[in-house]
>>> print(open('model10.cif').read())   # mmCIF, C-alpha atoms
data_start
loop_
_atom_site.label_atom_id
_atom_site.label_comp_id
_atom_site.auth_asym_id
_atom_site.auth_seq_id
_atom_site.Cartn_x
_atom_site.Cartn_y
_atom_site.Cartn_z
CA MET A 1 -55.16 89.99 48.26
CA SER A 2 -55.36 91.53 51.73
CA PRO A 3 -52.21 93.01 53.35
CA GLY A 4 -52.17 90.10 55.81
CA ASP A 5 -52.35 87.55 53.00
CA HIS A 6 -49.62 89.39 51.11
CA LEU A 7 -47.34 89.32 54.16
CA HIS A 8 -48.10 85.65 54.79
CA LYS A 9 -47.19 84.84 51.16
CA TRP A 10 -43.82 86.59 51.39
CA ASN A 11 -43.02 85.18 54.84
CA GLN A 12 -43.70 81.69 53.48
CA ARG A 13 -41.59 82.32 50.37
CA HIS A 14 -38.65 83.55 52.47
CA ARG A 15 -39.04 80.68 54.94
CA GLU A 16 -38.91 78.04 52.17
CA ALA A 17 -36.04 79.59 50.18
CA GLU A 18 -32.75 77.71 50.23
CA ASP A 19 -30.50 80.77 50.47
CA GLU A 20 -30.48 84.57 50.39
CA GLY A 21 -30.89 84.67 46.61
CA SER A 22 -28.74 86.41 44.01
CA PRO A 23 -27.73 90.06 43.90
CA ALA A 24 -29.55 92.28 41.43
CA GLN A 25 -28.13 92.48 37.93
CA VAL A 26 -28.21 96.27 38.08
CA LEU A 27 -25.79 96.08 41.02
CA VAL A 28 -23.60 93.25 39.73
CA ARG A 29 -23.17 94.96 36.34
CA ASN A 30 -22.42 98.35 37.91
CA LEU A 31 -20.27 97.74 40.98
CA HIS A 32 -17.84 100.31 39.58
CA LEU A 33 -20.52 102.97 40.18
CA LEU A 34 -20.70 102.34 43.93
CA PRO A 35 -19.03 104.97 46.10
CA ALA A 36 -15.97 103.87 48.08
CA SER A 37 -17.78 104.60 51.35
CA GLY A 38 -21.12 105.84 52.63
CA LYS A 39 -24.51 104.76 53.86
CA ALA A 40 -26.54 102.35 51.71
CA LEU A 41 -30.14 101.15 51.83
CA ASP A 42 -31.48 97.93 50.31
CA LEU A 43 -35.17 98.85 50.14
CA ALA A 44 -37.68 95.96 50.13
CA CYS A 45 -34.65 93.74 50.64
CA GLY A 46 -36.25 90.31 50.95
CA ARG A 47 -33.58 87.90 52.22
CA GLY A 48 -30.90 90.51 51.55
CA ALA A 49 -28.58 89.33 48.76
CA ASN A 50 -28.07 92.96 47.73
CA ALA A 51 -27.52 94.16 51.29
CA LEU A 52 -24.86 91.51 51.79
CA LEU A 53 -23.03 92.59 48.65
CA LEU A 54 -23.24 96.27 49.64
CA ALA A 55 -21.81 95.42 53.07
CA GLU A 56 -19.03 93.36 51.46
CA LYS A 57 -18.12 96.46 49.45
CA GLY A 58 -17.57 98.39 52.69
CA LEU A 59 -20.75 100.46 52.82
CA GLU A 60 -22.67 101.07 56.04
CA THR A 61 -25.64 98.96 55.00
CA HIS A 62 -29.27 99.15 56.06
CA ALA A 63 -31.93 96.76 54.79
CA TRP A 64 -35.68 97.18 55.15
CA ASP A 65 -38.51 94.81 54.36
CA PHE A 66 -42.04 94.26 55.64
CA SER A 67 -41.34 90.52 56.09
CA PRO A 68 -39.88 89.64 59.48
CA VAL A 69 -38.86 86.25 58.06
CA GLY A 70 -36.89 87.94 55.28
CA ILE A 71 -35.09 90.21 57.77
CA GLU A 72 -34.34 87.25 60.06
CA ARG A 73 -32.85 85.28 57.16
CA LEU A 74 -30.75 88.30 56.18
CA GLN A 75 -29.41 88.73 59.72
CA GLN A 76 -28.47 85.04 59.86
CA ALA A 77 -26.62 85.25 56.52
CA ALA A 78 -24.83 88.44 57.59
CA ALA A 79 -23.71 86.82 60.86
CA ARG A 80 -22.39 83.74 59.00
CA ARG A 81 -20.34 86.00 56.73
CA GLY A 82 -19.15 88.31 59.49
CA LEU A 83 -20.90 91.32 57.94
CA ARG A 84 -22.74 94.16 59.62
CA VAL A 85 -26.15 94.90 58.15
CA ALA A 86 -28.76 96.91 60.04
CA GLY A 87 -31.94 95.06 59.13
CA ALA A 88 -35.36 96.42 60.04
CA VAL A 89 -38.94 95.27 59.55
CA ARG A 90 -40.52 98.30 57.93
CA ASP A 91 -43.42 99.12 55.64
CA VAL A 92 -41.49 101.33 53.23
CA VAL A 93 -44.66 102.70 51.63
CA ALA A 94 -46.08 103.90 54.96
CA GLU A 95 -42.66 104.97 56.23
CA PRO A 96 -40.31 105.88 53.35
CA PRO A 97 -36.69 106.79 53.99
CA PRO A 98 -36.11 110.32 55.34
CA ALA A 99 -34.68 113.08 53.17
CA ASN A 100 -30.90 113.27 52.59
CA SER A 101 -30.20 110.05 54.45
CA PHE A 102 -28.44 107.67 52.01
CA ASP A 103 -25.51 107.68 49.59
CA VAL A 104 -26.84 104.57 47.84
CA ILE A 105 -30.38 103.23 47.54
CA LEU A 106 -30.98 99.92 45.84
CA VAL A 107 -34.43 98.70 44.80
CA SER A 108 -34.87 95.34 43.10
CA PHE A 109 -38.13 93.70 42.03
CA PHE A 110 -40.29 96.16 43.95
CA LEU A 111 -42.48 98.74 42.27
CA GLU A 112 -44.43 101.35 44.18
CA ARG A 113 -44.56 104.37 41.92
CA SER A 114 -45.62 106.72 44.74
CA LEU A 115 -42.25 106.12 46.42
CA SER A 116 -40.23 107.61 43.55
CA PRO A 117 -40.17 111.22 44.86
CA HIS A 118 -39.32 109.94 48.36
CA LEU A 119 -36.39 107.93 47.00
CA ILE A 120 -35.05 110.97 45.17
CA GLN A 121 -35.37 113.07 48.34
CA ALA A 122 -33.75 110.33 50.45
CA LEU A 123 -30.56 110.45 48.40
CA ARG A 124 -27.83 112.72 49.66
CA PRO A 125 -26.37 115.12 47.06
CA GLY A 126 -24.35 112.94 44.68
CA GLY A 127 -26.08 109.83 46.05
CA ARG A 128 -26.84 106.98 43.66
CA LEU A 129 -29.96 105.00 42.97
CA PHE A 130 -29.67 101.44 41.63
CA TYR A 131 -33.06 100.21 40.46
CA GLN A 132 -34.35 97.19 38.56
CA THR A 133 -37.77 95.68 38.08
CA PHE A 134 -39.99 93.97 35.55
CA VAL A 135 -41.35 95.52 32.35
CA GLN A 136 -44.68 94.90 30.65
CA ALA A 137 -43.30 94.38 27.14
CA VAL A 138 -41.54 91.06 27.78
CA ARG A 139 -42.70 88.27 30.02
CA LEU A 140 -40.43 85.42 30.87
CA ASP A 141 -41.88 82.85 33.24
CA ARG A 142 -41.47 85.02 36.35
CA GLY A 143 -42.56 88.22 38.02
CA PRO A 144 -45.96 89.77 38.66
CA SER A 145 -48.88 88.65 36.54
CA THR A 146 -50.66 92.01 36.58
CA PRO A 147 -49.47 94.90 34.37
CA GLU A 148 -49.78 97.47 37.17
CA TRP A 149 -46.78 95.85 38.94
CA ARG A 150 -44.68 96.06 35.77
CA LEU A 151 -43.16 99.11 34.13
CA ALA A 152 -44.41 100.58 30.88
CA ASN A 153 -41.88 101.26 28.12
CA ASN A 154 -39.22 103.71 29.44
CA GLU A 155 -41.28 104.38 32.56
CA LEU A 156 -38.31 103.95 34.90
CA LEU A 157 -36.55 106.79 33.10
CA GLN A 158 -39.62 108.98 33.58
CA LEU A 159 -40.00 108.16 37.28
CA PHE A 160 -36.43 109.29 37.96
CA ARG A 161 -36.01 112.00 35.30
CA GLU A 162 -34.76 114.45 37.98
CA LEU A 163 -31.62 112.34 38.43
CA ASP A 164 -28.51 112.18 36.25
CA ILE A 165 -28.56 108.84 34.43
CA HIS A 166 -25.32 106.81 34.38
CA TYR A 167 -26.67 103.49 33.17
CA TYR A 168 -29.98 102.43 31.67
CA ARG A 169 -30.98 99.21 29.98
CA GLU A 170 -34.35 98.02 28.82
CA ASP A 171 -34.10 95.51 25.98
CA GLY A 172 -37.84 95.01 25.72
CA CYS A 173 -39.01 93.56 22.43
CA ALA A 174 -35.80 94.63 20.63
CA ALA A 175 -33.83 91.63 21.89
CA THR A 176 -33.57 88.78 19.42
CA VAL A 177 -32.28 86.42 22.11
CA GLN A 178 -33.82 86.30 25.58
CA THR A 179 -31.43 86.72 28.51
CA GLU A 180 -31.75 87.00 32.29
CA ILE A 181 -32.49 90.72 31.92
CA SER A 182 -34.79 90.66 28.86
CA ASP A 183 -37.85 91.34 31.02
CA LEU A 184 -36.21 94.02 33.17
CA ALA A 185 -35.48 97.72 33.20
CA LEU A 186 -32.22 98.61 34.95
CA LEU A 187 -31.15 102.09 36.02
CA VAL A 188 -28.28 103.73 37.89
CA ALA A 189 -28.63 107.46 38.47
CA SER A 190 -27.30 110.18 40.79
CA LYS A 191 -28.87 113.08 42.61
CA ARG A 192 -27.37 116.36 41.51
CA LYS A 193 -24.97 118.00 43.94
#
>>> encode(input="model10.cif", output="structure tokens")
Amino acid sequence: MSPGDHLHKWNQRHREAEDEGSPAQVLVRNLHLLPASGKALDLACGRGANALLLAEKGLETHAWDFSPVGIERLQQAAARRGLRVAGAVRDVVAEPPPANSFDVILVSFFLERSLSPHLIQALRPGGRLFYQTFVQAVRLDRGPSTPEWRLANNELLQLFRELDIHYYREDGCAATVQTEISDLALLVASKRK
């Protein structure tokens, strides 16, 4: 798929969606690990459900995505709710966040392994990363069809091994009952001060 086709696909998906979506489970399950204040980034934000929740929690919230339709939908939702979110159309792979710029970075359902060192550098000392995406071991009827866009067993831990881990969950094949997170790896970790 060419970059133009990829963008067209996501613009169309965001255009046809009924709402901004649901916040990431890694965020919902770990709201107690958010700082009381600071600067947050929802990276590859889509229509911005996570950005809206971060803004509701009082963080100075930025949201980046390569889809202008996704950013437009986010800005509309933020305006309806009376929230301030600085949305920007941005190719985060070509232009990752600068070093020491965020207290919170959230990534949900986006996997670009080459960004991992940039995300670590972009956290301020003590800053927290909230990350969730699909794993290869379990496949519910969703997510990428190719293994390269899914994490190997415990890969998320390896990608962010420089950080202090506060929360990690990857049920994988161990789960006897499938849940909404059975096919996900979820991580919350902090940059050392």
>>> residues_near_point(input="model10.cif", point="(-26.3, 100.8, 57.6)", cutoff="12 Å", atoms="only C-alpha atoms", output="JSON, numbers by chain")
{"A": [37, 38, 39, 40, 41, 42, 43, 51, 52, 54, 55, 58, 59, 60, 61, 62, 63, 64, 83, 84, 85, 86, 87, 88, 101, 102, 103, 104, 105]}
>>> atom_distance(input="model10.cif", atom1="CA of Asp91 (chain A)", atom2="CA of Gly48 (chain A)")
15.7 Å
>>> atom_distance(input="model10.cif", atom1="CA of Asp164 (chain A)", atom2="CA of Gln178 (chain A)")
28.5 Å
>>> residues_around(input="model10.cif", residues="region 127-132 of chain A", least_positions_apart="2", cutoff="7 Å", atoms="only C-alpha atoms", output="PDB file with C-alpha atoms, keeping the file's coordinate frame")
ATOM      1  CA  VAL A  26     -28.210  96.270  38.080  1.00  0.00           C
ATOM      2  CA  LEU A  27     -25.790  96.080  41.020  1.00  0.00           C
ATOM      3  CA  PHE A 102     -28.440 107.670  52.010  1.00  0.00           C
ATOM      4  CA  ASP A 103     -25.510 107.680  49.590  1.00  0.00           C
ATOM      5  CA  VAL A 104     -26.840 104.570  47.840  1.00  0.00           C
ATOM      6  CA  ILE A 105     -30.380 103.230  47.540  1.00  0.00           C
ATOM      7  CA  LEU A 106     -30.980  99.920  45.840  1.00  0.00           C
ATOM      8  CA  VAL A 107     -34.430  98.700  44.800  1.00  0.00           C
ATOM      9  CA  SER A 108     -34.870  95.340  43.100  1.00  0.00           C
ATOM     10  CA  PHE A 109     -38.130  93.700  42.030  1.00  0.00           C
ATOM     11  CA  LEU A 123     -30.560 110.450  48.400  1.00  0.00           C
ATOM     12  CA  ARG A 124     -27.830 112.720  49.660  1.00  0.00           C
ATOM     13  CA  PRO A 125     -26.370 115.120  47.060  1.00  0.00           C
ATOM     14  CA  LEU A 184     -36.210  94.020  33.170  1.00  0.00           C
ATOM     15  CA  ALA A 185     -35.480  97.720  33.200  1.00  0.00           C
ATOM     16  CA  LEU A 186     -32.220  98.610  34.950  1.00  0.00           C
ATOM     17  CA  LEU A 187     -31.150 102.090  36.020  1.00  0.00           C
ATOM     18  CA  VAL A 188     -28.280 103.730  37.890  1.00  0.00           C
ATOM     19  CA  ALA A 189     -28.630 107.460  38.470  1.00  0.00           C
ATOM     20  CA  SER A 190     -27.300 110.180  40.790  1.00  0.00           C
ATOM     21  CA  LYS A 191     -28.870 113.080  42.610  1.00  0.00           C
TER      22      LYS A 191
END
>>> closest_residue(input="model10.cif", among="A:Asn50, A:Gln76, A:Ser116, A:Thr133", to="Glu162 (chain A)", atoms="all atoms listed in the file")
A:Ser116
>>> closest_residue(input="model10.cif", among="A:Cys45, A:Leu159, A:Ile181, A:Ala152", to="Val92 (chain A)", atoms="only C-alpha atoms")
A:Cys45
>>> residues_around(input="model10.cif", residues="Pro97 (chain A)", least_positions_apart="2", cutoff="7 Å", atoms="all atoms listed in the file", output="list in words")
Glu95, Ala99, His118 and Ala122 of chain A
>>> atom_distance(input="model10.cif", atom1="CA of Leu111 (chain A)", atom2="CA of Gln136 (chain A)")
12.4 Å
>>> resolve_selection(input="model10.cif", expression="the PyMOL selection byres ((chain A and resi 182) around 8)", output="compact mmCIF listing (two decimals) with C-alpha atoms, keeping the file's coordinate frame")
# COMPACT_ATOMS: atom_id res chain seq x y z
CA VAL A 138 -41.54 91.06 27.78
CA LEU A 140 -40.43 85.42 30.87
CA GLU A 170 -34.35 98.02 28.82
CA ASP A 171 -34.10 95.51 25.98
CA GLY A 172 -37.84 95.01 25.72
CA ALA A 175 -33.83 91.63 21.89
CA GLN A 178 -33.82 86.30 25.58
CA THR A 179 -31.43 86.72 28.51
CA GLU A 180 -31.75 87.00 32.29
CA ILE A 181 -32.49 90.72 31.92
CA ASP A 183 -37.85 91.34 31.02
CA LEU A 184 -36.21 94.02 33.17
>>> closest_residue(input="model10.cif", among="A:Gln75, A:Ala94, A:Leu31, A:Leu163", to="Lys57 (chain A)", atoms="all atoms listed in the file")
A:Leu31
>>> resolve_selection(input="model10.cif", expression="the PyMOL selection byres ((chain A and resi 149) around 9)", output="ChimeraX atom specification")
/A:110-112,134-136,143-148,150-151
>>> closest_residue(input="model10.cif", among="A:Arg169, A:Gln12, A:Arg81, A:Gly21", to="Ser67 (chain A)", atoms="all atoms listed in the file")
A:Gln12
>>> axis_aligned_box(input="model10.cif", around="region 178-186 of chain A", padding_each_side="6 Å", output="JSON")
{"center_x": -34.6, "center_y": 92.5, "center_z": 30.3, "size_x": 18.4, "size_y": 24.3, "size_z": 21.4}
>>> closest_residue(input="model10.cif", among="A:Gln25, A:Ala174, A:Glu56, A:Gln121", to="Asn153 (chain A)", atoms="all atoms listed in the file")
A:Ala174
>>> closest_residue(input="model10.cif", among="A:Pro96, A:Ala49, A:Phe66, A:Arg192", to="Ala78 (chain A)", atoms="all atoms listed in the file")
A:Ala49
>>> decode(input="model10.cif", residues="region 21-106 of chain A", atoms="C-alpha atoms", output="PDB file, in the first residue's frame")
ATOM      1  CA  GLY A  21     -13.887   6.241  19.700  1.00  0.00           C
ATOM      2  CA  SER A  22     -13.025   4.888  23.141  1.00  0.00           C
ATOM      3  CA  PRO A  23     -10.004   5.723  25.274  1.00  0.00           C
ATOM      4  CA  ALA A  24      -7.224   3.143  25.410  1.00  0.00           C
ATOM      5  CA  GLN A  25      -7.509   0.453  28.057  1.00  0.00           C
ATOM      6  CA  VAL A  26      -3.953   1.168  29.196  1.00  0.00           C
ATOM      7  CA  LEU A  27      -5.077   4.702  30.069  1.00  0.00           C
ATOM      8  CA  VAL A  28      -8.493   3.839  31.502  1.00  0.00           C
ATOM      9  CA  ARG A  29      -7.006   1.144  33.766  1.00  0.00           C
ATOM     10  CA  ASN A  30      -4.162   3.397  34.935  1.00  0.00           C
ATOM     11  CA  LEU A  31      -5.579   6.887  35.386  1.00  0.00           C
ATOM     12  CA  HIS A  32      -4.060   6.862  38.874  1.00  0.00           C
ATOM     13  CA  LEU A  33      -0.609   6.884  37.230  1.00  0.00           C
ATOM     14  CA  LEU A  34      -1.191  10.176  35.410  1.00  0.00           C
ATOM     15  CA  PRO A  35       0.589  13.188  36.881  1.00  0.00           C
ATOM     16  CA  ALA A  36      -1.595  15.926  38.370  1.00  0.00           C
ATOM     17  CA  SER A  37      -0.300  18.409  35.794  1.00  0.00           C
ATOM     18  CA  GLY A  38       2.064  18.607  32.848  1.00  0.00           C
ATOM     19  CA  LYS A  39       2.295  18.362  29.095  1.00  0.00           C
ATOM     20  CA  ALA A  40       0.845  15.284  27.379  1.00  0.00           C
ATOM     21  CA  LEU A  41       1.053  13.922  23.835  1.00  0.00           C
ATOM     22  CA  ASP A  42      -1.418  11.543  22.197  1.00  0.00           C
ATOM     23  CA  LEU A  43       0.807  10.220  19.399  1.00  0.00           C
ATOM     24  CA  ALA A  44      -0.950   8.862  16.285  1.00  0.00           C
ATOM     25  CA  CYS A  45      -4.142  10.061  17.950  1.00  0.00           C
ATOM     26  CA  GLY A  46      -6.744   9.228  15.304  1.00  0.00           C
ATOM     27  CA  ARG A  47      -9.984  10.972  16.297  1.00  0.00           C
ATOM     28  CA  GLY A  48      -8.545  11.713  19.738  1.00  0.00           C
ATOM     29  CA  ALA A  49     -10.450   9.776  22.411  1.00  0.00           C
ATOM     30  CA  ASN A  50      -7.245   9.582  24.470  1.00  0.00           C
ATOM     31  CA  ALA A  51      -6.395  13.250  23.955  1.00  0.00           C
ATOM     32  CA  LEU A  52      -9.855  14.238  25.158  1.00  0.00           C
ATOM     33  CA  LEU A  53      -9.469  12.166  28.316  1.00  0.00           C
ATOM     34  CA  LEU A  54      -5.990  13.579  28.978  1.00  0.00           C
ATOM     35  CA  ALA A  55      -7.371  17.115  28.587  1.00  0.00           C
ATOM     36  CA  GLU A  56     -10.286  16.291  30.913  1.00  0.00           C
ATOM     37  CA  LYS A  57      -7.710  15.257  33.517  1.00  0.00           C
ATOM     38  CA  GLY A  58      -6.175  18.737  33.372  1.00  0.00           C
ATOM     39  CA  LEU A  59      -3.079  18.057  31.287  1.00  0.00           C
ATOM     40  CA  GLU A  60      -1.850  20.436  28.592  1.00  0.00           C
ATOM     41  CA  THR A  61      -2.694  18.098  25.742  1.00  0.00           C
ATOM     42  CA  HIS A  62      -1.196  17.814  22.278  1.00  0.00           C
ATOM     43  CA  ALA A  63      -2.416  15.324  19.684  1.00  0.00           C
ATOM     44  CA  TRP A  64      -0.638  14.393  16.467  1.00  0.00           C
ATOM     45  CA  ASP A  65      -1.781  12.283  13.551  1.00  0.00           C
ATOM     46  CA  PHE A  66      -1.011  12.123   9.841  1.00  0.00           C
ATOM     47  CA  SER A  67      -4.744  12.194   9.012  1.00  0.00           C
ATOM     48  CA  PRO A  68      -6.164  15.700   8.650  1.00  0.00           C
ATOM     49  CA  VAL A  69      -9.665  14.219   8.944  1.00  0.00           C
ATOM     50  CA  GLY A  70      -8.775  12.621  12.283  1.00  0.00           C
ATOM     51  CA  ILE A  71      -7.383  15.910  13.623  1.00  0.00           C
ATOM     52  CA  GLU A  72     -10.438  17.821  12.386  1.00  0.00           C
ATOM     53  CA  ARG A  73     -12.775  15.365  14.127  1.00  0.00           C
ATOM     54  CA  LEU A  74     -10.735  15.684  17.330  1.00  0.00           C
ATOM     55  CA  GLN A  75     -10.884  19.486  17.248  1.00  0.00           C
ATOM     56  CA  GLN A  76     -14.669  19.368  16.766  1.00  0.00           C
ATOM     57  CA  ALA A  77     -15.097  16.984  19.718  1.00  0.00           C
ATOM     58  CA  ALA A  78     -12.814  19.104  21.915  1.00  0.00           C
ATOM     59  CA  ALA A  79     -14.791  22.259  21.064  1.00  0.00           C
ATOM     60  CA  ARG A  80     -18.102  20.528  21.884  1.00  0.00           C
ATOM     61  CA  ARG A  81     -16.729  19.519  25.285  1.00  0.00           C
ATOM     62  CA  GLY A  82     -15.065  22.849  26.011  1.00  0.00           C
ATOM     63  CA  LEU A  83     -11.594  21.272  26.112  1.00  0.00           C
ATOM     64  CA  ARG A  84      -8.306  22.621  24.835  1.00  0.00           C
ATOM     65  CA  VAL A  85      -6.333  20.175  22.721  1.00  0.00           C
ATOM     66  CA  ALA A  86      -3.529  21.310  20.418  1.00  0.00           C
ATOM     67  CA  GLY A  87      -4.058  19.050  17.423  1.00  0.00           C
ATOM     68  CA  ALA A  88      -1.547  18.887  14.588  1.00  0.00           C
ATOM     69  CA  VAL A  89      -1.281  16.991  11.316  1.00  0.00           C
ATOM     70  CA  ARG A  90       2.145  15.412  11.612  1.00  0.00           C
ATOM     71  CA  ASP A  91       4.015  12.405  10.279  1.00  0.00           C
ATOM     72  CA  VAL A  92       5.398  11.220  13.605  1.00  0.00           C
ATOM     73  CA  VAL A  93       7.867   8.839  11.964  1.00  0.00           C
ATOM     74  CA  ALA A  94       9.450  11.592   9.855  1.00  0.00           C
ATOM     75  CA  GLU A  95       9.157  14.141  12.659  1.00  0.00           C
ATOM     76  CA  PRO A  96       9.187  12.468  16.096  1.00  0.00           C
ATOM     77  CA  PRO A  97       8.683  14.488  19.265  1.00  0.00           C
ATOM     78  CA  PRO A  98      11.723  16.490  20.421  1.00  0.00           C
ATOM     79  CA  ALA A  99      13.797  15.435  23.421  1.00  0.00           C
ATOM     80  CA  ASN A 100      12.585  16.274  26.951  1.00  0.00           C
ATOM     81  CA  SER A 101       9.303  17.728  25.751  1.00  0.00           C
ATOM     82  CA  PHE A 102       6.483  15.722  27.414  1.00  0.00           C
ATOM     83  CA  ASP A 103       5.450  14.539  30.870  1.00  0.00           C
ATOM     84  CA  VAL A 104       3.080  11.958  29.362  1.00  0.00           C
ATOM     85  CA  ILE A 105       3.151  10.216  25.991  1.00  0.00           C
ATOM     86  CA  LEU A 106       0.326   7.914  25.030  1.00  0.00           C
TER      87      LEU A 106
END
